[in-house]
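Enquirer: Handing over run.tsv, TSV, C-alpha atoms.
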```
chain	number	residue	atom	x	y	z
T	1	MET	CA	-2.98	-23.95	3.79
T	2	ILE	CA	-1.30	-25.02	0.53
T	3	TYR	CA	-3.04	-22.26	-1.41
T	4	GLN	CA	-2.02	-19.63	1.18
T	5	ASP	CA	1.58	-20.85	1.23
T	6	LEU	CA	1.96	-20.83	-2.56
T	7	LYS	CA	0.25	-17.43	-2.77
T	8	ALA	CA	2.64	-16.01	-0.15
T	9	LYS	CA	5.65	-17.39	-2.02
T	10	ILE	CA	4.45	-15.73	-5.24
T	11	ASN	CA	3.83	-12.40	-3.49
T	12	GLU	CA	7.24	-12.55	-1.81
T	13	GLY	CA	9.00	-13.28	-5.10
T	14	ILE	CA	10.11	-16.80	-4.22
T	15	TYR	CA	8.19	-17.85	-7.31
T	16	ARG	CA	8.57	-14.98	-9.79
T	17	THR	CA	6.74	-14.06	-12.98
T	18	ASN	CA	7.23	-16.74	-15.67
T	19	ASP	CA	8.53	-19.27	-13.13
T	20	LEU	CA	7.04	-22.75	-13.26
T	21	LEU	CA	5.64	-24.08	-10.00
T	22	PRO	CA	6.72	-27.60	-9.03
T	23	SER	CA	4.75	-30.33	-10.79
T	24	GLU	CA	1.60	-31.72	-9.18
T	25	SER	CA	3.55	-34.76	-8.02
T	26	GLY	CA	6.30	-32.51	-6.72
T	27	LEU	CA	3.77	-30.44	-4.77
T	28	CYS	CA	2.20	-33.65	-3.43
T	29	ASP	CA	5.58	-34.64	-2.02
T	30	LEU	CA	6.36	-31.11	-0.80
T	31	TYR	CA	3.12	-30.71	1.15
T	32	ASP	CA	2.47	-34.39	1.86
T	33	ALA	CA	-0.97	-33.97	0.30
T	34	SER	CA	-3.16	-35.80	-2.19
T	35	ARG	CA	-3.24	-34.86	-5.87
T	36	ASP	CA	-6.88	-33.75	-5.49
T	37	THR	CA	-5.94	-31.34	-2.70
T	38	ILE	CA	-3.08	-29.92	-4.77
T	39	ARG	CA	-5.36	-29.42	-7.76
T	40	LYS	CA	-7.88	-27.53	-5.60
T	41	ALA	CA	-5.11	-25.19	-4.39
T	42	LEU	CA	-3.85	-24.62	-7.95
T	43	SER	CA	-7.41	-24.04	-9.18
T	44	ARG	CA	-7.90	-21.28	-6.62
T	45	LEU	CA	-4.60	-19.64	-7.61
T	46	ARG	CA	-5.72	-19.71	-11.26
T	47	GLU	CA	-9.08	-18.17	-10.40
T	48	GLU	CA	-7.36	-15.29	-8.59
T	49	GLY	CA	-4.95	-14.63	-11.46
T	50	TYR	CA	-1.71	-15.84	-9.89
T	51	ILE	CA	-0.95	-18.72	-12.25
T	52	GLN	CA	-1.87	-20.04	-15.67
T	53	SER	CA	-1.83	-23.70	-16.69
T	54	GLN	CA	0.19	-24.43	-19.83
T	55	LYS	CA	-0.27	-27.76	-21.54
T	56	GLY	CA	2.87	-29.84	-21.36
T	57	LYS	CA	4.57	-27.41	-18.96
T	58	GLY	CA	2.50	-27.12	-15.79
T	59	SER	CA	1.55	-24.04	-13.79
T	60	ILE	CA	3.36	-20.82	-14.64
T	61	VAL	CA	3.32	-17.66	-12.50
T	62	ILE	CA	1.76	-14.72	-14.34
T	63	ASN	CA	2.12	-11.02	-13.62
T	64	ARG	CA	-1.55	-10.24	-13.12
T	65	GLN	CA	-1.89	-9.76	-9.39
T	66	ARG	CA	-3.01	-6.30	-8.34
T	67	TYR	CA	-1.90	-4.86	-5.03
T	68	VAL	CA	-4.74	-3.34	-3.02
T	69	PHE	CA	-4.17	0.16	-1.68
T	70	PRO	CA	-6.89	1.40	0.70
T	71	VAL	CA	-7.82	4.90	-0.41
T	72	SER	CA	-9.43	6.15	2.78
T	73	ASP	CA	-6.64	5.19	5.18
T	74	VAL	CA	-3.76	7.48	6.07
T	75	ILE	CA	-0.99	4.92	5.82
T	76	SER	CA	2.56	5.03	4.56
T	77	TYR	CA	3.79	2.91	1.67
T	78	LYS	CA	6.26	1.17	3.99
T	79	GLU	CA	3.53	0.28	6.48
T	80	LEU	CA	1.29	-1.05	3.74
T	81	ALA	CA	4.03	-3.13	2.14
T	82	THR	CA	4.84	-4.66	5.54
T	83	ARG	CA	1.18	-5.49	6.23
T	84	ARG	CA	0.71	-7.05	2.78
T	85	HIS	CA	4.01	-8.95	2.99
T	86	ILE	CA	5.08	-7.34	-0.29
T	87	SER	CA	8.72	-7.53	-1.35
T	88	THR	CA	9.49	-3.87	-2.05
T	89	HIS	CA	12.36	-1.45	-2.70
T	90	THR	CA	12.46	2.36	-2.83
T	91	THR	CA	14.85	4.40	-4.97
T	92	VAL	CA	15.20	8.13	-4.25
T	93	ILE	CA	15.35	9.99	-7.57
T	94	LYS	CA	15.24	13.58	-6.33
T	95	ASP	CA	15.68	15.37	-2.99
T	96	LYS	CA	15.72	19.18	-2.95
T	97	ILE	CA	14.31	22.30	-1.30
T	98	THR	CA	11.81	24.17	-3.47
T	99	LYS	CA	8.40	25.89	-3.39
T	100	LEU	CA	5.12	23.99	-3.39
T	101	PRO	CA	3.63	23.97	-6.91
T	102	ILE	CA	0.18	25.14	-5.81
T	103	SER	CA	-1.36	24.68	-9.27
T	104	ASP	CA	-0.70	20.92	-9.01
T	105	PHE	CA	-2.87	20.68	-5.88
T	106	ALA	CA	-5.44	23.42	-6.47
T	107	SER	CA	-8.29	20.93	-6.90
T	108	VAL	CA	-7.45	19.19	-3.61
T	109	ASP	CA	-6.49	22.25	-1.57
T	110	PRO	CA	-7.66	25.55	-3.10
T	111	THR	CA	-6.07	27.43	-0.18
T	112	ALA	CA	-2.57	26.00	-0.74
T	113	LYS	CA	0.27	28.51	-0.66
T	114	ALA	CA	3.72	28.38	-2.27
T	115	ILE	CA	5.44	27.45	0.99
T	116	PRO	CA	9.03	26.18	1.19
T	117	VAL	CA	9.04	22.38	0.96
T	118	THR	CA	11.37	19.43	0.66
T	119	LYS	CA	10.58	17.71	-2.64
T	120	LEU	CA	11.15	13.96	-2.74
T	121	VAL	CA	10.73	11.88	-5.87
T	122	ARG	CA	10.85	8.15	-5.18
T	123	VAL	CA	10.25	5.08	-7.34
T	124	ARG	CA	8.62	2.12	-5.61
T	125	GLU	CA	9.38	-1.38	-6.84
T	126	VAL	CA	7.28	-4.46	-6.04
T	127	ASN	CA	9.02	-7.78	-6.61
T	128	GLY	CA	11.66	-5.96	-8.67
T	129	GLU	CA	9.17	-4.15	-10.92
T	130	PRO	CA	8.73	-0.33	-10.78
T	131	VAL	CA	5.04	0.36	-10.10
T	132	ILE	CA	4.72	3.77	-8.36
T	133	ILE	CA	6.33	7.19	-8.58
T	134	ASP	CA	5.77	9.07	-5.32
T	135	ILE	CA	6.30	12.83	-5.43
T	136	ASP	CA	6.18	14.33	-1.93
T	137	TYR	CA	6.31	17.97	-0.88
T	138	VAL	CA	6.91	18.30	2.88
T	139	SER	CA	6.75	21.66	4.65
T	140	THR	CA	10.17	22.72	5.89
T	141	ASP	CA	8.48	24.69	8.69
T	142	VAL	CA	7.21	21.41	10.13
T	143	VAL	CA	9.99	19.06	8.98
T	144	PRO	CA	13.27	21.01	8.60
T	145	GLY	CA	15.08	18.24	6.75
T	146	ILE	CA	14.79	14.65	5.52
T	147	SER	CA	17.91	12.55	5.06
T	148	HIS	CA	18.44	10.32	2.04
T	149	GLU	CA	18.38	7.28	4.34
T	150	VAL	CA	15.00	8.27	5.79
T	151	ALA	CA	13.58	8.98	2.32
T	152	ALA	CA	14.65	5.53	1.13
T	153	ASP	CA	13.05	3.87	4.16
T	154	SER	CA	9.96	5.44	5.79
T	155	ILE	CA	9.36	9.17	6.19
T	156	TYR	CA	6.26	8.48	8.32
T	157	ARG	CA	8.30	6.51	10.81
T	158	TYR	CA	10.64	9.50	11.01
T	159	PHE	CA	7.74	11.96	11.34
T	160	GLU	CA	6.05	10.05	14.15
T	161	GLU	CA	8.87	8.31	16.04
T	162	GLU	CA	11.65	10.90	15.71
T	163	LEU	CA	9.79	14.20	15.34
T	164	HIS	CA	6.72	13.06	17.34
T	165	LEU	CA	4.27	14.55	14.86
T	166	SER	CA	0.60	13.56	15.24
T	167	ILE	CA	-0.66	12.84	11.72
T	168	ALA	CA	-4.44	13.03	11.71
T	169	TYR	CA	-6.17	13.06	8.31
T	170	ALA	CA	-5.79	13.52	4.57
T	171	LYS	CA	-7.90	14.66	1.65
T	172	LYS	CA	-7.43	12.70	-1.58
T	173	GLU	CA	-8.27	12.88	-5.25
T	174	ILE	CA	-7.96	10.09	-7.84
T	175	THR	CA	-7.68	10.70	-11.58
T	176	VAL	CA	-6.47	8.86	-14.66
T	177	GLU	CA	-3.98	10.76	-16.82
T	178	PRO	CA	-1.80	10.11	-19.87
T	179	ALA	CA	1.64	8.81	-18.93
T	180	THR	CA	4.30	11.50	-19.16
T	181	ASP	CA	7.76	10.91	-20.61
T	182	SER	CA	9.02	10.51	-17.06
T	183	ASP	CA	6.28	7.98	-16.25
T	184	GLN	CA	7.18	5.99	-19.34
T	185	GLU	CA	10.86	5.95	-18.43
T	186	LEU	CA	10.54	5.19	-14.72
T	187	LEU	CA	7.55	2.82	-14.83
T	188	HIS	CA	8.48	1.07	-18.09
T	189	LEU	CA	5.34	2.25	-19.90
T	190	LYS	CA	4.70	2.98	-23.56
T	191	ALA	CA	3.53	6.10	-25.36
T	192	GLY	CA	-0.25	6.22	-25.11
T	193	ASP	CA	-0.38	4.42	-21.76
T	194	VAL	CA	-2.09	5.99	-18.76
T	195	VAL	CA	-1.33	6.22	-15.04
T	196	VAL	CA	-3.61	6.41	-12.01
T	197	VAL	CA	-2.77	9.59	-10.11
T	198	VAL	CA	-3.60	9.89	-6.41
T	199	LYS	CA	-3.09	13.36	-4.96
T	200	SER	CA	-3.33	13.80	-1.21
T	201	VAL	CA	-3.02	16.65	1.26
T	202	THR	CA	-2.15	15.51	4.78
T	203	SER	CA	-2.63	17.42	8.03
T	204	LEU	CA	-1.63	17.13	11.68
T	205	GLU	CA	-3.98	16.96	14.66
T	206	ASP	CA	-3.73	20.74	15.07
T	207	THR	CA	-4.98	21.02	11.42
T	208	THR	CA	-1.58	22.16	10.11
T	209	THR	CA	-1.25	20.99	6.51
T	210	PHE	CA	2.30	19.78	6.08
T	211	GLN	CA	2.51	17.19	3.27
T	212	TYR	CA	1.36	17.22	-0.35
T	213	THR	CA	1.76	13.98	-2.28
T	214	GLU	CA	1.25	12.95	-5.89
T	215	SER	CA	1.46	9.19	-6.43
T	216	ARG	CA	1.57	7.99	-10.03
T	217	HIS	CA	0.61	4.32	-10.35
T	218	ARG	CA	0.79	1.72	-13.07
T	219	PRO	CA	-2.92	0.96	-13.54
T	220	ASP	CA	-2.31	-2.70	-14.40
T	221	ARG	CA	-0.72	-3.38	-11.01
T	222	PHE	CA	-3.13	-1.76	-8.58
T	223	ARG	CA	-6.71	-1.98	-7.43
T	224	PHE	CA	-8.08	0.71	-5.14
T	225	GLN	CA	-10.65	-0.29	-2.54
T	226	ASP	CA	-12.79	1.67	-0.10
T	227	PHE	CA	-15.50	0.93	2.43
T	228	ALA	CA	-18.79	2.79	2.31
T	229	ARG	CA	-21.84	2.59	4.54
T	230	ARG	CA	-25.33	3.78	3.59
T	231	LEU	CA	-26.45	6.47	6.04
```
Translate the structure described by the file into structure tokens.
Expert:
Amino acid sequence: MIYQDLKAKINEGIYRTNDLLPSESGLCDLYDASRDTIRKALSRLREEGYIQSQKGKGSIVINRQRYVFPVSDVISYKELATRRHISTHTTVIKDKITKLPISDFASVDPTAKAIPVTKLVRVREVNGEPVIIDIDYVSTDVVPGISHEVAADSIYRYFEEELHLSIAYAKKEITVEPATDSDQELLHLKAGDVVVVVKSVTSLEDTTTFQYTESRHRPDRFRFQDFARRL
């Protein structure tokens, strides 16, 4: 219980990177627990990369946790952040009508056409740190417009609850690429760094392809997991 509570407080930003946790005696008083119990909770947090013990200082929060994003699920960033209890903020960088850049998605959807789309560029922050650039291209034939307020919140909630679209499946591709100048600026990276790029093509139940997404991730903040079964 103590481990889970401290872990939640770190994930929610109550204890932030470089913050010192209360002393062992302070945690004993806070949780009305023995020193041995507190040490076991701190040991588990150290093993999972949440804290580091510093002689003469105590336990300091380190920025080494990686946020797990399930690759095979069709889930919005907002839904995932809510499920993981992640403190997050979205900034809309660009919102315009354009044509789908088919060359960017040729490996995922060779049949893609230069259809009219709404292009959204959004930066996702976790605990105040920019970690993802999401570049979405949404068919204007299916979704005529997306307001700035919707883009800053959850476009999937708008798609499903307001437009009553039935989102069914997505095809995805994961690559590692050199960080562009824009990546370096928006994600606080350096020249020579790389980003994990997840491209996805999402379709409705009637097989209409309506959304093309390129998500550019800081590799030091994310771990991608999948589930596979031997057939």
Enquirer: Could you give me, as a list in words, the residues within 10 Å of T:Ala151, counting all atoms listed in the file and dropping anything in the same chain fewer than 2 positions from it?
Expert: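 Using all atoms listed in the file, the neighbours found are Thr90, Thr91, Val92, Lys94, Asp95, Leu120, Val121, Arg122, Ile146, Ser147, His148, Glu149, Asp153, Ser154, Ile155, Tyr156 and Tyr158 of chain T.
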Enquirer: Quick one: everything within 10 Å of T:Pro219, counting all atoms listed in the file, minus sequence neighbours fewer than 3 positions away in the same chain. Send it as a PyMOL selection string.
Expert: chain T and resi 66+131-132+176+193-197+216+222-224
Enquirer: Is it possible to get the residues within 12 Å of (4.5, 2.2, -17.5) (coordinates as in the file, counting all atoms listed in the file) written as a ChimeraX atom specification?
Expert: /T:129-133,178-196,216-221
Enquirer: Using only C-alpha atoms, determine which residues lie at most 10 Å from T:Leu27, disregarding the query and same-chain residues fewer than 5 positions distant; provide the list as a VMD selection string.
Expert: chain T and resid 2 21 to 22 32 to 35 37 to 39
Enquirer: Interatomic distance between atom CA of T:Gln4 and atom CA of T:Lys40?
Expert: 11.9 Å
Enquirer: Could you please determine the separation between atom CA of T:Pro116 and atom CA of T:Thr208 in Å, to one decimal place?
Expert: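 That distance, rounded to one decimal, is 14.4 Å.
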Enquirer: Can you work out the spacing between atom CA of T:Ser103 and atom CA of T:Glu125 in Å, to one decimal?
Expert: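 Taking atom CA of T:Ser103 as the start and atom CA of T:Glu125 as the end point, the length is 28.3 Å.
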Enquirer: Let me have the centre and edge lengths of the axis-aligned box enclosing all listed atoms of stretch 37-45 of chain T with 3 Å padding on every side, in Å to one decimal, as JSON.
Expert:
```
{"center_x": -5.5, "center_y": -25.5, "center_z": -5.9, "size_x": 10.8, "size_y": 17.7, "size_z": 12.5}
```
